[in-house]
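Okay, so here's the structure we're looking at.
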Amino acid sequence: MVSLLIHHKVKDFSSWKVVFDSAFMLRKDSGESSFRIYHDVSDPNELTLWFEWESVASAEKFTKSEELARQMRLAGVEGKPDICIVQEIVSMRRTAAD
């Protein structure tokens, strides 16, 4: 599994979310298979986004696209985002039996 992690601050979460939601098909067509949105517990405008992506190549292409840069500007992303592409090598879920 390939994950794309993006961390950035936004001017206003509600405004950012409208733009994020409007880019659903752009992300899907670019290789996104799922996403999660997290915010800092003390600042709801400090976001970490965790996406599952089809491949490293499609994730890299998306992160370098002018359309992503445009969407981030429209959404009110402040500063340069931290972007990381990682590949899962080990996974485990704890259960009540552990």
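By convention in this document, the chains of the structure tokens carry letters A, B, ... by their order, each chain's residues are numbered from 1, and ligands are numbered from 1 in the order they are shown.
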
Checklist line | Residues near Leu74 (chain A), cut-off 10 Å, only C-alpha atoms, skip fewer than 2 positions along chain, as number ranges by chain | finding: A: 15-16, 19-20, 68-72, 76-77

Note to self: If DSSP is run on the backbone, what residues of chain A are alpha helix (DSSP H)? A reply as a VMD selection string would be ideal.
What the structure shows: chain A and resid 13 to 22 24 to 30 56 to 63 66 to 75

Margin query: With distances taken over only C-alpha atoms, which residue among A:Ala75, A:Leu49, A:Ile37, A:Val56 lies nearest Lys11 (chain A)?
Written below: A:Ala75

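Atom to atom, CA of Asp43 (chain A) and CA of Leu5 (chain A) stand 18.4 Å apart.
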
Next item on the list: Select, from A:Val2, A:Met25, A:Val10, A:Met92, the residue with the minimum atom-to-atom distance to Ala59 (chain A), counting only C-alpha atoms.
Entry: A:Val2

Check: Taking into account only C-alpha atoms, which residue in the set A:Asp12, A:Glu32, A:Glu88, A:Glu67 is nearest to Glu46 (chain A)?
Finding: A:Asp12

Note to self: Which of chain A end up as strand (DSSP E) when DSSP is run on this backbone - answer as an MDAnalysis selection string?
What the structure shows: chainID A and resid 2:10 32:40 43:53 77:87

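The nearest approach to Leu4 (chain A) among the residues A:Arg94, A:Arg27, A:Lys80, A:His39, with only C-alpha atoms taken into account, belongs to A:Arg27.
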
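Nearest residue to Lys9 (chain A) among A:Ser58, A:Pro81, A:Tyr38, A:Ile89 is A:Pro81, counting only C-alpha atoms.
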